[in-house]
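Comments concern the structure below.
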Amino acid sequence: MKAKIHVTLKQGILDPQGKAIEHALDTLGFKAASNVRVGKYMELDLAEQDKAKAEAEVKAMCEKLLANTIIEEYRFELSN
Amino acid sequence: MKLHEQPIAKDLIAQHGLSDEEYKKIVEILGREPNLTELGMFSVMWSEHCSYKSSRVHLRKLPTTGPRVVQGPGENAGAVDIGDGLCAVFKMESHNHPSFIEPYQGAATGVGGILRDVFTMGARPIALLDSLRFGQLDKPLNRHLFKGVVAGIAGYGNCMGVPTVGGEVVFNDIYSQNPLVNAFCLGIARKDRLFKGLAAGIGNPVMYVGSKTGRDGIHGATMASDAFDEASEAKRPTVQVGDPFTEKLLLEACLELMDKDLLVGIQDMGAAGLTSSSCEMASRAGNGIDLDLTAVPRREPGMTPYELMLSESQERMLMIAKEGKEAEVLAICKKWDLDAAVVGRVTNDGILRVRDQGKVVAEIPAKALAEEGPRYERPNAPPPYQEHLQALNLDILPDVKEPTAALLSLLESPTIASKAWVYRQYDHMVRTNTLVRPGSDAAVVRIKGTNKAVAIATDCNGRYCLLNPYVGAGIAVAEAARNLVCSGALPIGLTDCLNFGNPERPDIMWQFILSIEGIKDACEAFGVPVVSGNVSFYNETNGLSIYPTPILGMVGLIEPADRAVTQWFKQAGDQIIVLGATRDDLGGTEYLRVAHHREQGSPPLLDLEAEKALQACVLALIGDGLVQSAHDCSDGGLAVTLAECCVSSPVHRLGAVVRLEPNGLRRDALLFGESQGRVVLSVKSSVVGQVLKTAEKMGVPAVTIGSVQGDRLVIDVAADRWGPGCRIDADLETLFDRWGKSLERTLEQE
């Protein structure tokens with residue numbers, strides 16, 4: 001089973017990286033871009049075939065390592 | 001105009017950390033009930049963190065004046081005269097609670113905050129230090145906190161281009177749930193160009209400069225004044241994220257605005273953000289401020305006045321510009337890519353008036369917020385366990401059997417072991433002024449354009465302070481001064497960061513009051529004034545308080561700069577001299593903890609007169625160019641000090657052969673006891689006579705104990721009529737391995 005995981009900063013948390021990108025876009029002439037937010041996308045394969053168990057496993061990975069849940073939130077999809 | 005829209009519910013008052021009494025006082029001041037925004041503003045300004053309500057009556061006792069003092073406590077940072085028309089501007093501040101919640105960002109924003117405190121005064125920051133306390137590293141949470149904090153400090157300081165030159169790290173399980181992160185910053189300013197947080201000049205524009213305001217750390221200041229419990233793990237408030245690149249722009253913009261003489265006053269928006277900066281600046285000048293939130297740059301739509309006034313978004317400044325200079329200020333901010341706006345005017349009515357969309361949303365006398373907060377003379381009493389703590393019967397503890405093994409286990413105790421793993425992550429050479437890097441008694445930084453250097457040391461032994469707060473705090477002052485003196489510097493000023501438990505508990509208050517007394521008496525003895533500081537209370541979790549930990553950051557002056565001395569041996573053939581007396585001081589030592597698992601007894605004796613004589617003697621000897629190396633004797637006693645002299649140099653390792661006369665002392669007290677007022681010197685053999693004579697003349701006990709030689713450390717303790725002799729014998733490789741690599745090994749054990 002494959003997991004596709006998105007980790008993004010929680011709403012309202014300052015994103016210096018997004019700010020830098022927004023600024024770079026602006027200097028390149030892309031004046032219309034605003035509120036740039038940067039996140040992470042991860043893919044991983046799971047041996048687990050049971051969907052409910054796989055979900056619990058990925059959730060635990062996110063809580064413990066993949067996301068810093070104090071400032072980040074995560075969501076993921078599972079597919080075969 | 002109707003400010004008060006709906007009555008404030010009782011539980012809302014409690015949620016804001018205000019007592020019924022305090023709320024009553026607010027109603028009295030306003031002559032009406034506050035609205036929600038006003039309640040929020042009072043709650044942050046009257047929190048322990050901002051108002052110092054439990055500590056202020058005691059802090060007054062500290063000596064804060066002296067011929068060199070240019071700015072004492074009460075401003076963003078303190079300043080002392082260092083000659084050449086310059087002053088050293090410095091302060092230390094805690095960021096303990098935020099670092100526990102999010103170690104990287106908590107530590108990073110702590111560094112950002114202390115940098116702003118210093119450059120707000122018009123000083124260019126030249127050095128950072130950090131004093132850290134964590135639980136033992138065998139617990140994963142402690143390793144996580146430690147790694148995160150160190151990375152956060154490195155991340156922010158390195159990006160800013162300000163070297164992190166030193167500090168200390170101590171590990172003890174009492175800090176497991178309450179790590180301490182105290183950041184120190186020193187900058188250099190022209191003495192005639194110091195800026196203050198004053199909203200002077202009626203009609204002058206109030207200007208906002210820096211990052212946009214978001215919903216960051218709302219109620220951070222009240223959080224820092226609450227003890228943690230299990231629930232706060234869940235109710236984590238929005239954490240502030242630091243942006244060092246913006247801070248760097250802010251630093252350069254501020255210094256340029258000051259240089260072009262466009263500002264009247266300036267203050268960092270730290271804890272309690274826009275509220276504290278506006279009311280404190282107005283209050284200091286005896287004026288008011290009329291603030292219009294409509295113009296405040298914001299990161300998110302729909303922010304309420306409550307959120308705008310309480311946000312703790314980082315990298316923001318509030319400035320009072322000269323009238324008519326608004327356009328120039330805005331142009332300079334634009335050049336540095338910073339948001340800036342005129343957000344108000346200075347008024348003469350003493351009121352902080354806040355408007356939003358044309359409506360007045362808060363109206364409070366600035367003085368009431370900034371200075372008329374509650375003051376408590378809280379009850380204090382020694383804890384019932386104090387007697388038990390101090391009772392230590394040495395007769396039941398056997399003397400050391402295998403001194404070499406004991407030395408090695410002390411060297412790898414993380415509190416004593418080399419902190420290279422920590423400071424390797426810090427850029428300590430950026431700006432190329434660092435003369436003595438981390439790893440010696442004190443850091444030394446050259447002051448460009450002069451022949452001077454400043455030396456900086458931070459110190460505090462929390463265990464001593466637990467066992468006897470008065471003596472422990474005094475020792476912290478003495479040791480900080482001794483560290484400076486060992487590097488060849490004359491101590492000239494001090495900042496304190498006082499970390500304690502819950503002040504509403506009489507035993508904690510007792511620790512706090514005695515610590516203040518200890519600092520006061522020691523500072524007076526050494527003639528070193530306290531010019532800035534910070535108090536962090538409520539460092540307790542589930543009722544367990546940290547050890548009282550009043551951390552001191554002391555600053556000294558070295559002139560000429562090339563006189564700076566380091567702690568490690570320099571050359572084979574040099575003679576080793578111990579200055580100061582060794583006593584039976586085993587109470588509260590690291591040896592007792594490591595070898596006997598006891599944190600008990602009375603801390604070492606502090607003899608201020610002897611300490612003064614010792615320090616004067618070391619300075620005189622260094623001044624005469626007689627000293628090759630000087631190392632303060634502290635944690636782990638004489639044996640650890642000698643081992644560090646052998647292996648702590650970044651370039652070489654040198655052995656030593658030493659013989660000690662016990663003179664009736666226990667072997668463990670002689671080798672590992674932590675008697676204060678001692679320094680290990682190495683000197684060329686040709687000057688030994690001169691050194692001993694100088695020491696004798698200045699009333700300082702001095703004895704030659706051996707010489708620098710070979711590739712082993714050998715310490716022979718002579719037999720006397722109380723016992724047989726014993727020997728420590730270890731090769732330098734082993735010593736270095738245990739001392740230099742243990743921290744790394746511990747961290748890699750995952």
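Each chain in the structure tokens gets a letter, A, B, ..., in the order shown, and its residues are numbered from 1; ligands are numbered from 1 in order too.
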Open item on the list: Residues of chain A were defined as contacting chain B if any atom lay at most 8 Å from it, counting only C-alpha atoms; please report them as number ranges by chain.
Closed with: A: 12-16, 70-71
Expected file: the selected residues, N, CA, C and O atoms, as a tab-separated table (two decimals), in the first residue's frame:
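Result file selection-v4.tsv:
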chain	number	residue	atom	x	y	z
A	12	GLY	N	-1.84	30.42	10.08
A	12	GLY	CA	-1.50	31.47	11.02
A	12	GLY	C	-0.06	31.42	11.50
A	12	GLY	O	0.44	32.38	12.06
A	13	ILE	N	0.64	30.31	11.27
A	13	ILE	CA	2.05	30.24	11.66
A	13	ILE	C	2.89	30.93	10.58
A	13	ILE	O	2.67	30.72	9.39
A	14	LEU	N	3.82	31.75	11.03
A	14	LEU	CA	4.69	32.47	10.10
A	14	LEU	C	5.49	31.48	9.26
A	14	LEU	O	6.01	30.50	9.77
A	15	ASP	N	5.60	31.76	7.96
A	15	ASP	CA	6.34	30.88	7.07
A	15	ASP	C	7.45	31.67	6.37
A	15	ASP	O	7.26	32.22	5.28
A	16	PRO	N	8.62	31.76	7.00
A	16	PRO	CA	9.71	32.57	6.41
A	16	PRO	C	10.09	32.09	5.02
A	16	PRO	O	10.41	32.90	4.14
A	70	ILE	N	3.28	20.58	16.58
A	70	ILE	CA	3.10	21.83	17.33
A	70	ILE	C	2.89	22.99	16.37
A	70	ILE	O	2.13	23.90	16.64
A	71	ILE	N	3.56	22.93	15.23
A	71	ILE	CA	3.39	24.03	14.27
A	71	ILE	C	2.89	23.55	12.91
A	71	ILE	O	2.55	24.35	12.06
TODO: Extract the full set of helix (DSSP H, G or I) residues from segment 47-76 of chain B according to DSSP on the backbone, and format it as a PyMOL selection string.
DONE: chain B and resi 48-51+56-59
Task: Test item: residues at most 8 Å from Leu392 of chain B, only C-alpha atoms, excluding those fewer than 3 positions along its chain, as a ChimeraX atom specification - done: /B:389,587,600-602
File of the preceding selection, N, CA and C atoms, as a PDB file, in the first residue's frame:
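And here is the file that came out, out-v2.pdb:
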ATOM      1  N   LEU B 389      18.420  18.373  53.558  1.00  0.00           N
ATOM      2  CA  LEU B 389      19.313  18.599  52.422  1.00  0.00           C
ATOM      3  C   LEU B 389      20.726  18.936  52.870  1.00  0.00           C
ATOM      4  N   GLY B 587      30.408  18.995  50.092  1.00  0.00           N
ATOM      5  CA  GLY B 587      28.960  19.211  50.039  1.00  0.00           C
ATOM      6  C   GLY B 587      28.546  19.752  48.677  1.00  0.00           C
ATOM      7  N   GLN B 600      23.600  16.752  48.354  1.00  0.00           N
ATOM      8  CA  GLN B 600      23.391  17.041  49.770  1.00  0.00           C
ATOM      9  C   GLN B 600      24.555  17.825  50.329  1.00  0.00           C
ATOM     10  N   GLY B 601      24.336  18.335  51.525  1.00  0.00           N
ATOM     11  CA  GLY B 601      25.420  18.990  52.237  1.00  0.00           C
ATOM     12  C   GLY B 601      25.343  20.494  52.105  1.00  0.00           C
ATOM     13  N   SER B 602      26.368  21.165  52.604  1.00  0.00           N
ATOM     14  CA  SER B 602      26.452  22.609  52.442  1.00  0.00           C
ATOM     15  C   SER B 602      27.380  22.893  51.284  1.00  0.00           C
TER      16      SER B 602
END
Open item on the list: To test your reading of the structure, identify every residue in segment 56-247 of chain B that backbone DSSP assigns to strand (DSSP E), and report it as a PyMOL selection string.
Closed with: chain B and resi 69-71+78-83+86-94+124-134+164-171+180-190+205-210
Using the selection just defined, write its residues with N, CA and C atoms as a short mmCIF file (atom, residue, chain, number, x, y, z; two decimals), in the first residue's frame.
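See result.cif below for the written result:
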data_model
loop_
_atom_site.label_atom_id
_atom_site.label_comp_id
_atom_site.auth_asym_id
_atom_site.auth_seq_id
_atom_site.Cartn_x
_atom_site.Cartn_y
_atom_site.Cartn_z
N VAL B 69 28.68 52.76 35.04
CA VAL B 69 27.31 52.48 34.58
C VAL B 69 26.76 53.64 33.76
N VAL B 70 26.39 53.36 32.53
CA VAL B 70 25.79 54.37 31.66
C VAL B 70 24.27 54.18 31.68
N GLN B 71 23.83 52.93 31.72
CA GLN B 71 22.40 52.64 31.79
C GLN B 71 22.18 51.43 32.69
N GLY B 78 21.21 46.95 29.69
CA GLY B 78 22.09 47.79 30.49
C GLY B 78 23.32 48.17 29.68
N ALA B 79 24.04 49.21 30.15
CA ALA B 79 25.24 49.65 29.42
C ALA B 79 26.32 50.09 30.40
N VAL B 80 27.55 49.68 30.13
CA VAL B 80 28.69 50.14 30.93
C VAL B 80 29.75 50.75 30.02
N ASP B 81 30.41 51.77 30.56
CA ASP B 81 31.44 52.51 29.86
C ASP B 81 32.69 51.63 29.69
N ILE B 82 33.22 51.55 28.48
CA ILE B 82 34.46 50.81 28.29
C ILE B 82 35.57 51.71 27.73
N GLY B 83 35.39 53.02 27.84
CA GLY B 83 36.41 53.95 27.35
C GLY B 83 36.30 54.16 25.85
N LEU B 86 32.99 54.53 24.01
CA LEU B 86 32.12 53.41 23.71
C LEU B 86 31.53 52.81 24.99
N CYS B 87 30.42 52.11 24.83
CA CYS B 87 29.95 51.33 25.96
C CYS B 87 29.52 49.94 25.50
N ALA B 88 29.60 49.02 26.45
CA ALA B 88 29.14 47.66 26.20
C ALA B 88 27.70 47.58 26.67
N VAL B 89 26.81 47.14 25.78
CA VAL B 89 25.38 47.05 26.07
C VAL B 89 25.03 45.57 26.14
N PHE B 90 24.46 45.13 27.26
CA PHE B 90 24.20 43.69 27.35
C PHE B 90 23.03 43.35 28.26
N LYS B 91 22.51 42.17 28.03
CA LYS B 91 21.40 41.66 28.83
C LYS B 91 21.27 40.15 28.61
N MET B 92 20.65 39.50 29.58
CA MET B 92 20.35 38.09 29.42
C MET B 92 18.86 37.90 29.68
N GLU B 93 18.24 37.00 28.90
CA GLU B 93 16.81 36.77 29.07
C GLU B 93 16.48 35.30 28.94
N SER B 94 15.42 34.90 29.60
CA SER B 94 15.03 33.49 29.56
C SER B 94 14.01 33.26 28.45
N ARG B 124 25.56 47.65 18.10
CA ARG B 124 25.68 46.53 17.16
C ARG B 124 26.09 45.28 17.94
N PRO B 125 25.25 44.23 17.89
CA PRO B 125 25.58 43.01 18.64
C PRO B 125 26.88 42.38 18.14
N ILE B 126 27.75 42.00 19.08
CA ILE B 126 29.01 41.36 18.66
C ILE B 126 29.20 39.98 19.27
N ALA B 127 28.37 39.62 20.24
CA ALA B 127 28.56 38.29 20.85
C ALA B 127 27.27 37.79 21.48
N LEU B 128 27.04 36.48 21.32
CA LEU B 128 25.92 35.80 21.98
C LEU B 128 26.48 34.69 22.86
N LEU B 129 25.84 34.45 24.00
CA LEU B 129 26.16 33.28 24.82
C LEU B 129 24.84 32.66 25.27
N ASP B 130 24.87 31.38 25.62
CA ASP B 130 23.65 30.74 26.06
C ASP B 130 23.92 29.87 27.26
N SER B 131 23.13 30.05 28.28
CA SER B 131 23.23 29.22 29.46
C SER B 131 22.03 28.28 29.46
N LEU B 132 22.32 26.98 29.43
CA LEU B 132 21.25 26.00 29.24
C LEU B 132 21.22 24.98 30.37
N ARG B 133 20.03 24.50 30.70
CA ARG B 133 19.86 23.44 31.70
C ARG B 133 18.86 22.42 31.15
N PHE B 134 19.26 21.16 31.19
CA PHE B 134 18.37 20.09 30.73
C PHE B 134 18.40 18.94 31.72
N THR B 164 28.15 33.10 18.28
CA THR B 164 27.80 32.56 19.60
C THR B 164 29.11 32.06 20.19
N VAL B 165 29.62 32.75 21.19
CA VAL B 165 31.01 32.53 21.62
C VAL B 165 31.14 31.71 22.90
N GLY B 166 30.03 31.38 23.54
CA GLY B 166 30.20 30.61 24.77
C GLY B 166 28.91 30.43 25.52
N GLY B 167 29.04 30.08 26.79
CA GLY B 167 27.89 29.80 27.63
C GLY B 167 28.18 28.57 28.46
N GLU B 168 27.15 27.91 28.93
CA GLU B 168 27.36 26.68 29.69
C GLU B 168 26.13 25.80 29.53
N VAL B 169 26.32 24.52 29.77
CA VAL B 169 25.22 23.57 29.78
C VAL B 169 25.38 22.70 31.02
N VAL B 170 24.30 22.55 31.77
CA VAL B 170 24.32 21.69 32.94
C VAL B 170 23.16 20.71 32.81
N PHE B 171 23.42 19.46 33.19
CA PHE B 171 22.38 18.43 33.10
C PHE B 171 22.03 17.94 34.49
N LEU B 180 15.97 25.05 30.97
CA LEU B 180 16.22 26.49 31.00
C LEU B 180 17.01 26.90 29.76
N VAL B 181 16.54 27.94 29.11
CA VAL B 181 17.23 28.49 27.95
C VAL B 181 17.38 29.99 28.20
N ASN B 182 18.58 30.39 28.61
CA ASN B 182 18.84 31.79 28.90
C ASN B 182 19.84 32.31 27.87
N ALA B 183 19.40 33.31 27.12
CA ALA B 183 20.25 33.84 26.05
C ALA B 183 20.82 35.19 26.46
N PHE B 184 22.11 35.35 26.20
CA PHE B 184 22.83 36.57 26.55
C PHE B 184 23.32 37.21 25.26
N CYS B 185 23.23 38.54 25.19
CA CYS B 185 23.78 39.24 24.03
C CYS B 185 24.54 40.48 24.48
N LEU B 186 25.66 40.74 23.82
CA LEU B 186 26.41 41.96 24.10
C LEU B 186 26.65 42.71 22.79
N GLY B 187 26.46 44.01 22.87
CA GLY B 187 26.71 44.86 21.70
C GLY B 187 27.55 46.06 22.10
N ILE B 188 28.06 46.73 21.10
CA ILE B 188 28.87 47.92 21.35
C ILE B 188 28.17 49.13 20.75
N ALA B 189 28.08 50.20 21.55
CA ALA B 189 27.43 51.42 21.07
C ALA B 189 28.30 52.62 21.43
N ARG B 190 28.11 53.70 20.68
CA ARG B 190 28.74 54.95 21.10
C ARG B 190 28.00 55.46 22.32
N PRO B 205 5.43 61.21 15.56
CA PRO B 205 4.77 60.03 15.01
C PRO B 205 5.26 58.73 15.68
N VAL B 206 4.31 57.83 15.93
CA VAL B 206 4.64 56.49 16.42
C VAL B 206 4.67 55.59 15.20
N MET B 207 5.79 54.90 15.00
CA MET B 207 5.93 54.11 13.79
C MET B 207 6.18 52.63 14.08
N TYR B 208 5.58 51.83 13.25
CA TYR B 208 5.70 50.37 13.34
C TYR B 208 6.66 49.92 12.25
N VAL B 209 7.68 49.14 12.61
CA VAL B 209 8.66 48.68 11.63
C VAL B 209 8.93 47.20 11.83
N GLY B 210 8.98 46.44 10.74
CA GLY B 210 9.38 45.03 10.85
C GLY B 210 8.39 44.09 10.22
#
TODO: Compare B:Pro301, B:Gly203, B:Gly573, B:Pro506 by their minimum atom-to-atom distance to Gly324 of chain B, counting only C-alpha atoms, and give me the closest one.
DONE: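 Result for the nearest residue to Gly324 of chain B: B:Gly203.
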Task: Distance criterion (only C-alpha atoms): nearest to Cys486 of chain B out of B:Leu665, B:Ala457, B:Met41, B:Val594 - done: B:Ala457
Open item on the list: Report as JSON, numbers by chain all protein, DNA and RNA residues lying within 10 Å of segment 58-68 of chain A, evaluated on only C-alpha atoms, omitting residues in the same chain fewer than 4 positions from it.
Closed with: {"A": [3, 4, 5, 6, 7, 8, 9, 40, 42, 44, 46, 53, 54, 72, 73, 74, 75, 76, 77, 78], "B": [102]}
Just to be explicit: take each residue in the selection above, keep N, CA and C atoms, and write the result as an mmCIF file, in the first residue's frame.
data_model
loop_
_atom_site.group_PDB
_atom_site.id
_atom_site.type_symbol
_atom_site.label_atom_id
_atom_site.label_comp_id
_atom_site.auth_asym_id
_atom_site.auth_seq_id
_atom_site.Cartn_x
_atom_site.Cartn_y
_atom_site.Cartn_z
ATOM 1 N N ALA A 3 1.407 5.328 0.681
ATOM 2 C CA ALA A 3 0.866 6.483 1.410
ATOM 3 C C ALA A 3 1.430 7.761 0.802
ATOM 4 N N LYS A 4 0.564 8.732 0.558
ATOM 5 C CA LYS A 4 0.992 10.044 0.065
ATOM 6 C C LYS A 4 0.663 11.056 1.152
ATOM 7 N N ILE A 5 1.728 11.671 1.667
ATOM 8 C CA ILE A 5 1.554 12.483 2.885
ATOM 9 C C ILE A 5 1.909 13.945 2.606
ATOM 10 N N HIS A 6 1.026 14.819 3.016
ATOM 11 C CA HIS A 6 1.277 16.258 2.888
ATOM 12 C C HIS A 6 1.439 16.851 4.280
ATOM 13 N N VAL A 7 2.538 17.557 4.475
ATOM 14 C CA VAL A 7 2.741 18.240 5.760
ATOM 15 C C VAL A 7 2.848 19.731 5.488
ATOM 16 N N THR A 8 2.000 20.503 6.132
ATOM 17 C CA THR A 8 2.019 21.953 5.917
ATOM 18 C C THR A 8 1.991 22.670 7.261
ATOM 19 N N LEU A 9 2.460 23.895 7.257
ATOM 20 C CA LEU A 9 2.396 24.698 8.477
ATOM 21 C C LEU A 9 0.942 24.962 8.818
ATOM 22 N N LYS A 40 5.609 20.085 2.761
ATOM 23 C CA LYS A 40 6.378 18.919 2.329
ATOM 24 C C LYS A 40 5.414 17.876 1.772
ATOM 25 N N MET A 42 5.436 13.723 0.911
ATOM 26 C CA MET A 42 6.203 12.488 1.062
ATOM 27 C C MET A 42 5.393 11.311 0.541
ATOM 28 N N LEU A 44 5.465 6.942 0.667
ATOM 29 C CA LEU A 44 6.140 5.750 1.181
ATOM 30 C C LEU A 44 5.278 4.514 0.962
ATOM 31 N N LEU A 46 3.953 0.800 2.169
ATOM 32 C CA LEU A 46 3.690 0.068 3.414
ATOM 33 C C LEU A 46 3.464 -1.411 3.110
ATOM 34 N N LYS A 53 -5.523 -0.480 9.525
ATOM 35 C CA LYS A 53 -4.246 -0.615 10.233
ATOM 36 C C LYS A 53 -3.196 0.292 9.613
ATOM 37 N N ALA A 54 -3.184 0.350 8.269
ATOM 38 C CA ALA A 54 -2.220 1.204 7.584
ATOM 39 C C ALA A 54 -2.445 2.671 7.967
ATOM 40 N N GLU A 72 2.861 22.216 12.708
ATOM 41 C CA GLU A 72 2.464 21.715 11.391
ATOM 42 C C GLU A 72 1.219 20.839 11.489
ATOM 43 N N GLU A 73 0.491 20.722 10.349
ATOM 44 C CA GLU A 73 -0.589 19.758 10.276
ATOM 45 C C GLU A 73 -0.317 18.835 9.083
ATOM 46 N N TYR A 74 -0.977 17.697 9.063
ATOM 47 C CA TYR A 74 -0.705 16.746 8.005
ATOM 48 C C TYR A 74 -2.007 16.134 7.511
ATOM 49 N N ARG A 75 -1.987 15.641 6.283
ATOM 50 C CA ARG A 75 -3.084 14.819 5.776
ATOM 51 C C ARG A 75 -2.460 13.806 4.832
ATOM 52 N N PHE A 76 -3.108 12.690 4.624
ATOM 53 C CA PHE A 76 -2.532 11.673 3.743
ATOM 54 C C PHE A 76 -3.613 10.856 3.061
ATOM 55 N N GLU A 77 -3.242 10.272 1.911
ATOM 56 C CA GLU A 77 -4.128 9.333 1.227
ATOM 57 C C GLU A 77 -3.405 7.994 1.140
ATOM 58 N N LEU A 78 -4.195 6.939 1.139
ATOM 59 C CA LEU A 78 -3.631 5.599 0.956
ATOM 60 C C LEU A 78 -4.174 5.028 -0.346
ATOM 61 N N GLU B 102 8.301 24.075 22.026
ATOM 62 C CA GLU B 102 8.858 23.848 20.682
ATOM 63 C C GLU B 102 10.332 24.238 20.763
#
Task: segment 737-745 of chain B environment, 7 Å, only C-alpha atoms, sequence neighbours closer than 6 positions dropped, as a PyMOL selection string - done: chain B and resi 408+411-412+414+417-418+421
